[in-house]
$ cat my_file_0.tsv   # TSV, C-alpha atoms and all ligand atoms
chain	number	residue	atom	x	y	z
A	1	MET	CA	5.32	118.87	100.51
A	2	ILE	CA	8.40	120.02	102.47
A	3	GLU	CA	8.57	123.24	100.39
A	4	TYR	CA	5.25	124.14	101.99
A	5	PHE	CA	7.17	124.58	105.26
A	6	VAL	CA	10.64	125.60	104.06
A	7	GLU	CA	11.22	127.18	100.67
A	8	ASN	CA	13.08	125.21	98.07
A	9	ALA	CA	15.77	127.50	96.64
A	10	SER	CA	18.68	125.38	95.40
A	11	SER	CA	19.22	122.99	92.52
A	12	PHE	CA	19.51	119.95	94.80
A	13	ALA	CA	16.78	120.83	97.32
A	14	GLY	CA	14.27	118.74	95.33
A	15	ASP	CA	16.51	115.63	95.55
A	16	ILE	CA	16.75	115.95	99.33
A	17	ASP	CA	12.99	116.46	99.61
A	18	ASN	CA	12.37	113.37	97.47
A	19	LEU	CA	14.68	111.34	99.69
A	20	PHE	CA	12.71	112.45	102.76
A	21	LEU	CA	9.48	111.57	100.97
A	22	VAL	CA	10.69	108.06	100.03
A	23	ILE	CA	11.80	107.40	103.63
A	24	THR	CA	8.55	108.81	105.07
A	25	LEU	CA	6.35	106.75	102.73
A	26	ILE	CA	8.20	103.47	103.32
A	27	ILE	CA	8.44	103.90	107.09
A	28	GLY	CA	4.90	105.30	107.25
A	29	PHE	CA	3.55	102.25	105.40
A	30	TRP	CA	5.16	99.82	107.88
A	31	PHE	CA	4.22	101.98	110.86
A	32	PHE	CA	0.52	102.03	110.02
A	33	LEU	CA	0.47	98.37	108.94
A	34	THR	CA	2.13	97.24	112.19
A	35	PHE	CA	-0.10	99.37	114.38
A	36	GLY	CA	-3.21	98.34	112.44
A	37	ILE	CA	-2.42	94.65	112.98
A	38	LEU	CA	-1.54	95.25	116.63
A	39	VAL	CA	-4.83	97.02	117.34
A	40	TYR	CA	-6.78	94.38	115.36
A	41	PHE	CA	-5.25	91.55	117.41
A	42	ILE	CA	-5.79	93.39	120.69
A	43	VAL	CA	-9.48	93.65	119.88
A	44	LYS	CA	-9.91	90.22	118.27
A	45	PHE	CA	-8.09	88.26	120.98
A	46	ARG	CA	-9.35	90.22	123.97
A	47	ARG	CA	-10.37	88.33	127.08
A	48	LYS	CA	-13.67	86.51	126.72
A	49	ASP	CA	-15.59	84.56	129.32
A	50	GLY	CA	-15.12	80.81	128.99
A	51	VAL	CA	-12.24	81.04	126.45
A	52	LYS	CA	-8.86	79.90	127.70
A	53	ALA	CA	-5.65	81.50	126.46
A	54	LYS	CA	-3.59	79.32	124.11
A	55	TYR	CA	0.16	79.02	124.29
A	56	PHE	CA	2.25	78.98	121.10
A	57	ALA	CA	5.97	78.21	121.26
A	58	GLY	CA	6.33	79.80	117.81
A	59	GLU	CA	8.78	77.17	116.61
A	60	LYS	CA	6.94	75.61	113.65
A	61	HIS	CA	7.59	76.93	110.16
A	62	SER	CA	3.90	77.83	109.78
A	63	GLU	CA	4.36	80.16	112.77
A	64	THR	CA	7.89	81.51	112.22
A	65	LYS	CA	7.09	82.57	108.65
A	66	TRP	CA	4.97	85.38	110.10
A	67	THR	CA	8.17	86.80	111.58
A	68	HIS	CA	10.53	85.98	108.72
A	69	TYR	CA	8.54	87.21	105.72
A	70	PRO	CA	7.90	90.73	107.06
A	71	HIS	CA	11.55	90.79	108.14
A	72	TYR	CA	12.70	90.09	104.56
A	73	ALA	CA	10.31	92.74	103.26
A	74	VAL	CA	11.73	95.31	105.70
A	75	ILE	CA	15.28	94.44	104.63
A	76	ALA	CA	14.29	94.88	100.96
A	77	MET	CA	12.84	98.31	101.79
A	78	ASP	CA	16.06	99.21	103.63
A	79	VAL	CA	17.99	98.40	100.48
A	80	VAL	CA	15.71	100.76	98.52
A	81	ILE	CA	16.28	103.56	101.09
A	82	ILE	CA	20.06	103.02	101.04
A	83	ALA	CA	20.14	103.00	97.22
A	84	VAL	CA	18.22	106.30	96.94
A	85	ASN	CA	20.41	107.70	99.73
A	86	ILE	CA	23.65	106.82	97.95
A	87	MET	CA	22.41	108.33	94.67
A	88	VAL	CA	21.57	111.64	96.39
A	89	TRP	CA	24.82	111.64	98.40
A	90	VAL	CA	26.94	111.03	95.30
A	91	ASN	CA	25.16	113.77	93.34
A	92	ILE	CA	25.46	116.37	96.07
A	93	LYS	CA	28.45	115.56	98.23
A	94	GLN	CA	30.76	113.50	96.03
A	95	THR	CA	30.37	115.53	92.85
A	96	LEU	CA	31.72	119.04	92.41
A	97	PRO	CA	30.22	120.62	89.27
A	98	PRO	CA	32.29	123.33	87.53
A	99	ARG	CA	32.02	126.65	89.33
A	100	ASP	CA	30.71	130.01	88.16
A	101	ASN	CA	31.48	131.74	91.42
A	102	LEU	CA	33.38	131.31	94.66
A	103	VAL	CA	32.79	132.31	98.26
A	104	ARG	CA	34.66	131.73	101.52
A	105	VAL	CA	32.49	131.14	104.58
A	106	ILE	CA	34.11	131.55	107.98
A	107	GLY	CA	32.39	130.64	111.23
A	108	GLN	CA	33.56	131.94	114.59
A	109	GLN	CA	31.97	132.38	118.01
A	110	TRP	CA	29.35	133.70	117.14
A	111	THR	CA	29.19	135.19	113.76
A	112	TRP	CA	29.60	134.36	110.08
A	113	SER	CA	32.03	136.14	107.78
A	114	PHE	CA	31.83	135.88	104.02
A	115	ILE	CA	34.44	136.71	101.43
A	116	HIS	CA	32.82	137.13	98.00
A	117	ALA	CA	35.24	136.52	95.14
A	118	GLY	CA	34.42	139.76	93.26
A	119	PRO	CA	34.38	140.19	89.46
A	120	ASP	CA	37.60	138.18	88.84
A	121	GLY	CA	36.02	135.08	90.41
A	122	GLU	CA	39.09	134.40	92.58
A	123	LEU	CA	39.61	134.74	96.33
A	124	ASP	CA	42.43	136.62	98.03
A	125	THR	CA	42.57	139.28	95.32
A	126	PRO	CA	41.97	143.04	95.82
A	127	ASP	CA	38.42	142.95	94.42
A	128	ASP	CA	37.14	140.58	97.14
A	129	VAL	CA	34.10	141.80	99.05
A	130	ALA	CA	33.88	140.92	102.74
A	131	THR	CA	30.67	140.98	104.77
A	132	VAL	CA	29.55	139.89	108.21
A	133	ASN	CA	26.34	137.89	108.62
A	134	ASP	CA	25.23	138.75	105.07
A	135	LEU	CA	25.87	136.37	102.21
A	136	HIS	CA	25.01	137.65	98.74
A	137	LEU	CA	24.58	135.25	95.85
A	138	LYS	CA	23.78	135.50	92.18
A	139	LEU	CA	20.78	133.54	90.94
A	140	GLY	CA	21.70	130.53	88.80
A	141	ASP	CA	25.47	130.62	89.49
A	142	THR	CA	27.04	127.40	90.66
A	143	TYR	CA	28.96	128.37	93.78
A	144	HIS	CA	31.86	126.58	95.33
A	145	PHE	CA	32.30	127.41	98.98
A	146	GLU	CA	35.40	127.17	101.15
A	147	LEU	CA	34.19	126.62	104.68
A	148	GLN	CA	36.44	127.41	107.63
A	149	SER	CA	36.18	127.88	111.36
A	150	ARG	CA	38.31	130.19	113.48
A	151	ASP	CA	37.66	128.45	116.79
A	152	VAL	CA	35.30	125.53	117.40
A	153	LEU	CA	32.96	123.31	115.38
A	154	HIS	CA	30.19	125.23	113.63
A	155	ASN	CA	27.70	124.18	110.98
A	156	PHE	CA	26.88	126.12	107.85
A	157	ALA	CA	23.17	125.34	107.52
A	158	VAL	CA	20.86	126.94	104.96
A	159	PRO	CA	17.52	125.13	105.19
A	160	ALA	CA	16.15	126.68	101.98
A	161	PHE	CA	19.10	125.15	100.08
A	162	ARG	CA	18.81	121.86	102.04
A	163	LEU	CA	22.48	122.42	102.79
A	164	ARG	CA	24.36	121.55	105.95
A	165	GLN	CA	28.08	121.25	106.42
A	166	ASP	CA	30.20	121.19	109.55
A	167	ALA	CA	33.01	123.74	109.78
A	168	VAL	CA	36.06	122.20	111.44
A	169	PRO	CA	38.90	124.32	112.89
A	170	GLY	CA	42.11	123.82	110.92
A	171	ARG	CA	40.37	122.56	107.82
A	172	THR	CA	38.99	124.14	104.67
A	173	ILE	CA	35.98	122.14	103.53
A	174	SER	CA	34.75	122.54	99.97
A	175	GLY	CA	31.24	122.11	98.75
A	176	TRP	CA	28.85	123.60	96.29
A	177	PHE	CA	25.31	124.88	95.81
A	178	LYS	CA	23.35	126.58	93.07
A	179	PRO	CA	20.66	129.08	94.13
A	180	THR	CA	17.56	128.81	91.96
A	181	LYS	CA	15.17	131.34	93.50
A	182	THR	CA	15.65	134.99	94.45
A	183	GLY	CA	14.88	136.01	98.02
A	184	THR	CA	16.42	136.23	101.46
A	185	TYR	CA	16.86	133.02	103.42
A	186	ASP	CA	18.03	132.04	106.88
A	187	LEU	CA	21.42	130.68	107.72
A	188	GLN	CA	21.69	129.30	111.23
A	189	CYS	CA	24.67	127.66	112.86
A	190	ALA	CA	23.58	124.07	113.44
A	191	GLU	CA	26.34	122.81	115.69
A	192	MET	CA	26.32	123.67	119.40
A	193	CYS	CA	29.25	126.07	119.61
A	194	GLY	CA	28.92	127.94	122.90
A	195	TYR	CA	26.78	130.56	124.69
A	196	GLY	CA	25.90	132.51	121.55
A	197	HIS	CA	25.10	129.53	119.33
A	198	GLY	CA	21.41	130.43	119.21
A	199	ILE	CA	22.07	133.90	117.82
A	200	MET	CA	24.68	132.74	115.32
A	201	GLY	CA	22.56	133.39	112.28
A	202	ALA	CA	22.98	135.19	108.99
A	203	ALA	CA	20.94	136.22	105.97
A	204	VAL	CA	21.52	134.61	102.59
A	205	THR	CA	20.20	136.79	99.77
A	206	VAL	CA	19.87	135.44	96.24
A	207	HIS	CA	19.90	138.32	93.73
A	208	SER	CA	19.20	138.84	90.07
A	209	ALA	CA	22.44	139.83	88.27
A	210	GLU	CA	21.50	143.52	88.36
A	211	SER	CA	20.53	143.62	92.03
A	212	TYR	CA	23.73	141.71	92.87
A	213	GLU	CA	25.91	144.33	91.22
A	214	THR	CA	24.02	147.15	92.97
A	215	THR	CA	24.39	145.49	96.37
A	216	MET	CA	28.10	144.81	95.88
A	217	ALA	CA	28.61	148.46	94.90
A	218	GLN	CA	26.67	149.59	98.01
A	219	ILE	CA	28.82	147.41	100.26
A	220	GLN	CA	31.96	148.91	98.76
A	221	ASN	CA	30.82	152.53	98.96
A	222	GLY	CA	29.41	152.18	102.47
A	223	THR	CA	25.72	152.81	101.70
A	224	TYR	CA	24.70	149.23	102.32
A	225	GLU	CA	22.15	148.34	104.97
A	226	SER	CA	22.60	144.85	106.36
A	227	HIS	CA	19.85	142.49	105.20
A	228	TYR	CA	20.45	140.42	108.30
A	229	GLN	CA	19.89	143.31	110.69
A	230	LYS	CA	16.84	144.48	108.77
A	231	ARG	CA	15.47	140.98	108.86
A	232	MET	CA	16.07	140.44	112.56
A	233	GLY	CA	14.84	143.90	113.61
A	234	THR	CA	15.76	144.43	117.24
A	235	LYS	CA	15.28	140.81	118.19
A	236	THR	CA	18.95	139.91	118.52
A	237	SER	CA	20.38	143.23	119.61
A	238	LEU	CA	22.30	143.07	122.82
A	239	PRO	CA	21.16	145.08	125.85
A	240	SER	CA	22.26	148.65	125.03
A	241	ASN	CA	22.83	149.39	128.67
A	242	THR	CA	24.01	146.43	130.69
A	243	SER	CA	23.22	148.22	133.97
A	244	GLN	CA	19.58	147.42	133.19
A	245	VAL	CA	20.57	143.84	133.81
A	246	ASP	CA	22.00	144.03	137.29
A	247	GLU	CA	22.34	140.33	137.89
A	248	GLU	CA	26.09	139.71	137.88
A	249	GLY	CA	27.05	136.76	135.75
A	250	SER	CA	23.70	136.62	133.98
A	251	PHE	CA	23.60	135.37	130.41
A	252	ALA	CA	22.98	138.82	128.93
A	253	VAL	CA	25.88	140.42	130.81
A	254	LEU	CA	28.19	137.59	129.94
A	255	LEU	CA	27.22	137.73	126.29
A	256	ALA	CA	27.58	141.51	126.08
A	257	SER	CA	31.02	141.35	127.72
A	258	ILE	CA	32.27	138.97	125.07
A	259	PHE	CA	31.49	141.21	122.11
B	301	CU	CU	26.65	127.10	116.73
$ encode --input "my_file_0.tsv" --output "structure tokens"
Amino acid sequence: MIEYFVENASSFAGDIDNLFLVITLIIGFWFFLTFGILVYFIVKFRRKDGVKAKYFAGEKHSETKWTHYPHYAVIAMDVVIIAVNIMVWVNIKQTLPPRDNLVRVIGQQWTWSFIHAGPDGELDTPDDVATVNDLHLKLGDTYHFELQSRDVLHNFAVPAFRLRQDAVPGRTISGWFKPTKTGTYDLQCAEMCGYGHGIMGAAVTVHSAESYETTMAQIQNGTYESHYQKRMGTKTSLPSNTSQVDEEGSFAVLLASIF
């Protein structure tokens, strides 16, 4: 159901969606049951002429069981949620499947830089391909990422992959994903990181092998047109002439002065 709203484009997206579904169904069941009973009692025991209210201390076993039994059932459901949770967490976060490809992701106020490993599959070699706000991936490759931040906390969040990972200054955080569907997807910083946090987005494009090679060649020979900029149109461009915004200290002026 979630893929109806956000595309499902990584190998583990389905597991995350199923986890959400399990939690929604269990909590939804108790929500509607509790509210149903509440509304039923409100109607059934409403004030009636000539009927006096009764007082129950709620101390007898025949009364307390109505609190205890649902409580046990809720705890049992919690155990189910935690068990499914742990399974998904172990599969995605605790396991690092062998890599086909490698990419370094660097967050900084307020942009994303990517270093693609190039044909040798290793970083920090002369065939690396660097881009800004455009991540290019090959369909079906298992990627390891090295996530870094140059300044403050950021969060590498690709909803279509159901992927989210904080970037912490001074640390290189590893993780993995495997794109399973071609297309261009949003990446949006998901950790409040300053004035420009809202515009700290990027485009993640999953290519067929052929289109990947073409794009990499275009980046290297300078004929490449940023997918991110094409995608955003003029929406995020800064005011071309800041004198149009005469208010000193306004957000737009401040933002433009930083870049
Ligand atoms: Cu941010």
$ residues_near_point --input "my_file_0.tsv" --point "(12.0, 136.3, 99.2)" --cutoff "10 Å" --atoms "all atoms listed in the file" --output "list in words"
Glu7, Ala9, Lys181, Thr182, Gly183, Thr184, Tyr185, Thr205, Val206 and His207 of chain A
$ write_last_selection --input "my_file_0.tsv" --atoms "C-alpha atoms" --output "PDB file, in the coordinates of the input"
ATOM      1  CA  GLU A   7      11.220 127.180 100.670  1.00  0.00           C
ATOM      2  CA  ALA A   9      15.770 127.500  96.640  1.00  0.00           C
ATOM      3  CA  LYS A 181      15.170 131.340  93.500  1.00  0.00           C
ATOM      4  CA  THR A 182      15.650 134.990  94.450  1.00  0.00           C
ATOM      5  CA  GLY A 183      14.880 136.010  98.020  1.00  0.00           C
ATOM      6  CA  THR A 184      16.420 136.230 101.460  1.00  0.00           C
ATOM      7  CA  TYR A 185      16.860 133.020 103.420  1.00  0.00           C
ATOM      8  CA  THR A 205      20.200 136.790  99.770  1.00  0.00           C
ATOM      9  CA  VAL A 206      19.870 135.440  96.240  1.00  0.00           C
ATOM     10  CA  HIS A 207      19.900 138.320  93.730  1.00  0.00           C
TER      11      HIS A 207
END
$ closest_atom_pairs --input "my_file_0.tsv" --of "chain A" --to "ligand CU 301 (chain B)" --cutoff "7 Å" --atoms "all atoms listed in the file" --output "Markdown table"
| residue | atom | partner | partner_atom | distance |
| --- | --- | --- | --- | --- |
| A:His154 | CA | B:CU301 | CU | 5.1 |
| A:Asn155 | CA | B:CU301 | CU | 6.5 |
| A:Cys189 | CA | B:CU301 | CU | 4.4 |
| A:Ala190 | CA | B:CU301 | CU | 5.4 |
| A:Glu191 | CA | B:CU301 | CU | 4.4 |
| A:Met192 | CA | B:CU301 | CU | 4.4 |
| A:Cys193 | CA | B:CU301 | CU | 4.0 |
| A:Gly194 | CA | B:CU301 | CU | 6.6 |
| A:His197 | CA | B:CU301 | CU | 3.9 |
| A:Gly198 | CA | B:CU301 | CU | 6.7 |
| A:Met200 | CA | B:CU301 | CU | 6.1 |
$ write_last_selection --input "my_file_0.tsv" --atoms "C-alpha atoms" --output "JSON list (two decimals), keeping the file's coordinate frame"
[["chain", "number", "residue", "atom", "x", "y", "z"],
["A", 154, "HIS", "CA", 30.19, 125.23, 113.63],
["A", 155, "ASN", "CA", 27.70, 124.18, 110.98],
["A", 189, "CYS", "CA", 24.67, 127.66, 112.86],
["A", 190, "ALA", "CA", 23.58, 124.07, 113.44],
["A", 191, "GLU", "CA", 26.34, 122.81, 115.69],
["A", 192, "MET", "CA", 26.32, 123.67, 119.40],
["A", 193, "CYS", "CA", 29.25, 126.07, 119.61],
["A", 194, "GLY", "CA", 28.92, 127.94, 122.90],
["A", 197, "HIS", "CA", 25.10, 129.53, 119.33],
["A", 198, "GLY", "CA", 21.41, 130.43, 119.21],
["A", 200, "MET", "CA", 24.68, 132.74, 115.32]]
$ atom_distance --input "my_file_0.tsv" --atom1 "CA of Gly196 (chain A)" --atom2 "CA of Pro159 (chain A)"
19.8 Å
$ atom_distance --input "my_file_0.tsv" --atom1 "CA of Ala203 (chain A)" --atom2 "CA of Arg231 (chain A)"
7.8 Å
$ residues_around --input "my_file_0.tsv" --residues "Thr214 (chain A)" --least-positions-apart "6" --cutoff "12 Å" --atoms "all atoms listed in the file" --output "PDB file with C-alpha atoms, in the coordinates of the input"
ATOM      1  CA  HIS A 136      25.010 137.650  98.740  1.00  0.00           C
ATOM      2  CA  LYS A 138      23.780 135.500  92.180  1.00  0.00           C
ATOM      3  CA  HIS A 207      19.900 138.320  93.730  1.00  0.00           C
ATOM      4  CA  SER A 208      19.200 138.840  90.070  1.00  0.00           C
ATOM      5  CA  GLN A 220      31.960 148.910  98.760  1.00  0.00           C
ATOM      6  CA  ASN A 221      30.820 152.530  98.960  1.00  0.00           C
ATOM      7  CA  THR A 223      25.720 152.810 101.700  1.00  0.00           C
ATOM      8  CA  TYR A 224      24.700 149.230 102.320  1.00  0.00           C
TER       9      TYR A 224
END
$ closest_residue --input "my_file_0.tsv" --among "A:Ala160, A:Ile106, A:Val6, A:Ile26" --to "Val80 (chain A)" --atoms "all atoms listed in the file"
A:Ile26
$ atom_distance --input "my_file_0.tsv" --atom1 "CA of Gln94 (chain A)" --atom2 "CA of Val79 (chain A)"
20.3 Å
$ closest_residue --input "my_file_0.tsv" --among "A:Phe161, A:Tyr143, A:Phe20, A:Trp110" --to "Ala202 (chain A)" --atoms "all atoms listed in the file"
A:Trp110
$ closest_residue --input "my_file_0.tsv" --among "A:Val132, A:Leu139, A:Met1, A:Val103" --to "Ala209 (chain A)" --atoms "only C-alpha atoms"
A:Leu139
$ closest_residue --input "my_file_0.tsv" --among "A:Ile92, A:Ile27, A:Met232, A:Val105" --to "Phe12 (chain A)" --atoms "all atoms listed in the file"
A:Ile92
$ closest_residue --input "my_file_0.tsv" --among "A:Pro70, A:Tyr195, A:Val90, A:Thr64" --to "Leu33 (chain A)" --atoms "only C-alpha atoms"
A:Pro70
$ closest_residue --input "my_file_0.tsv" --among "A:Glu3, A:Glu225, A:Asn101, A:Pro119" --to "Glu213 (chain A)" --atoms "only C-alpha atoms"
A:Pro119
$ build_atoms --input "my_file_0.tsv" --residues "region 136-170 of chain A" --atoms "N, CA and C atoms" --output "tab-separated table (two decimals), keeping the file's coordinate frame"
chain	number	residue	atom	x	y	z
A	136	HIS	N	25.72	137.24	99.95
A	136	HIS	CA	25.01	137.65	98.74
A	136	HIS	C	25.38	136.74	97.59
A	137	LEU	N	24.35	136.24	96.91
A	137	LEU	CA	24.58	135.25	95.85
A	137	LEU	C	23.85	135.67	94.58
A	138	LYS	N	24.40	135.19	93.48
A	138	LYS	CA	23.78	135.50	92.18
A	138	LYS	C	22.93	134.30	91.76
A	139	LEU	N	21.71	134.58	91.38
A	139	LEU	CA	20.78	133.54	90.94
A	139	LEU	C	21.39	132.73	89.80
A	140	GLY	N	21.30	131.41	89.90
A	140	GLY	CA	21.70	130.53	88.80
A	140	GLY	C	23.19	130.25	88.69
A	141	ASP	N	24.03	130.91	89.51
A	141	ASP	CA	25.47	130.62	89.49
A	141	ASP	C	25.74	129.37	90.33
A	142	THR	N	26.61	128.52	89.83
A	142	THR	CA	27.04	127.40	90.66
A	142	THR	C	28.19	127.90	91.53
A	143	TYR	N	27.96	127.87	92.82
A	143	TYR	CA	28.96	128.37	93.78
A	143	TYR	C	29.77	127.23	94.38
A	144	HIS	N	31.06	127.44	94.47
A	144	HIS	CA	31.86	126.58	95.33
A	144	HIS	C	32.07	127.37	96.61
A	145	PHE	N	31.98	126.69	97.76
A	145	PHE	CA	32.30	127.41	98.98
A	145	PHE	C	33.52	126.78	99.65
A	146	GLU	N	34.28	127.64	100.32
A	146	GLU	CA	35.40	127.17	101.15
A	146	GLU	C	34.99	127.46	102.57
A	147	LEU	N	34.72	126.43	103.33
A	147	LEU	CA	34.19	126.62	104.68
A	147	LEU	C	35.30	126.45	105.72
A	148	GLN	N	35.40	127.44	106.59
A	148	GLN	CA	36.44	127.41	107.63
A	148	GLN	C	35.86	127.79	108.98
A	149	SER	N	36.57	127.43	110.03
A	149	SER	CA	36.18	127.88	111.36
A	149	SER	C	37.40	128.48	112.04
A	150	ARG	N	37.18	129.57	112.79
A	150	ARG	CA	38.31	130.19	113.48
A	150	ARG	C	38.52	129.63	114.88
A	151	ASP	N	37.50	128.90	115.41
A	151	ASP	CA	37.66	128.45	116.79
A	151	ASP	C	37.17	127.03	117.04
A	152	VAL	N	35.85	126.85	117.03
A	152	VAL	CA	35.30	125.53	117.40
A	152	VAL	C	34.49	124.98	116.23
A	153	LEU	N	33.84	123.86	116.43
A	153	LEU	CA	32.96	123.31	115.38
A	153	LEU	C	31.76	124.22	115.20
A	154	HIS	N	31.44	124.54	113.96
A	154	HIS	CA	30.19	125.23	113.63
A	154	HIS	C	29.55	124.44	112.51
A	155	ASN	N	28.34	124.85	112.12
A	155	ASN	CA	27.70	124.18	110.98
A	155	ASN	C	26.99	125.19	110.11
A	156	PHE	N	27.42	125.21	108.86
A	156	PHE	CA	26.88	126.12	107.85
A	156	PHE	C	25.58	125.48	107.34
A	157	ALA	N	24.45	125.97	107.84
A	157	ALA	CA	23.17	125.34	107.52
A	157	ALA	C	22.22	126.35	106.89
A	158	VAL	N	21.83	126.09	105.66
A	158	VAL	CA	20.86	126.94	104.96
A	158	VAL	C	19.67	126.05	104.59
A	159	PRO	N	18.63	126.05	105.43
A	159	PRO	CA	17.52	125.13	105.19
A	159	PRO	C	16.90	125.26	103.79
A	160	ALA	N	16.80	126.50	103.28
A	160	ALA	CA	16.15	126.68	101.98
A	160	ALA	C	16.96	126.02	100.85
A	161	PHE	N	18.25	125.85	101.07
A	161	PHE	CA	19.10	125.15	100.08
A	161	PHE	C	19.20	123.66	100.39
A	162	ARG	N	18.64	123.23	101.52
A	162	ARG	CA	18.81	121.86	102.04
A	162	ARG	C	20.31	121.56	102.14
A	163	LEU	N	21.03	122.52	102.71
A	163	LEU	CA	22.48	122.42	102.79
A	163	LEU	C	22.91	122.47	104.25
A	164	ARG	N	23.83	121.60	104.59
A	164	ARG	CA	24.36	121.55	105.95
A	164	ARG	C	25.78	121.03	105.87
A	165	GLN	N	26.70	121.74	106.43
A	165	GLN	CA	28.08	121.25	106.42
A	165	GLN	C	28.80	121.74	107.67
A	166	ASP	N	29.42	120.81	108.38
A	166	ASP	CA	30.20	121.19	109.55
A	166	ASP	C	31.42	122.00	109.14
A	167	ALA	N	31.76	123.00	109.95
A	167	ALA	CA	33.01	123.74	109.78
A	167	ALA	C	33.94	123.24	110.87
A	168	VAL	N	35.14	122.82	110.51
A	168	VAL	CA	36.06	122.20	111.44
A	168	VAL	C	37.32	123.07	111.53
A	169	PRO	N	37.70	123.49	112.77
A	169	PRO	CA	38.90	124.32	112.89
A	169	PRO	C	40.10	123.63	112.25
A	170	GLY	N	40.91	124.40	111.52
A	170	GLY	CA	42.11	123.82	110.92
A	170	GLY	C	41.90	123.19	109.57
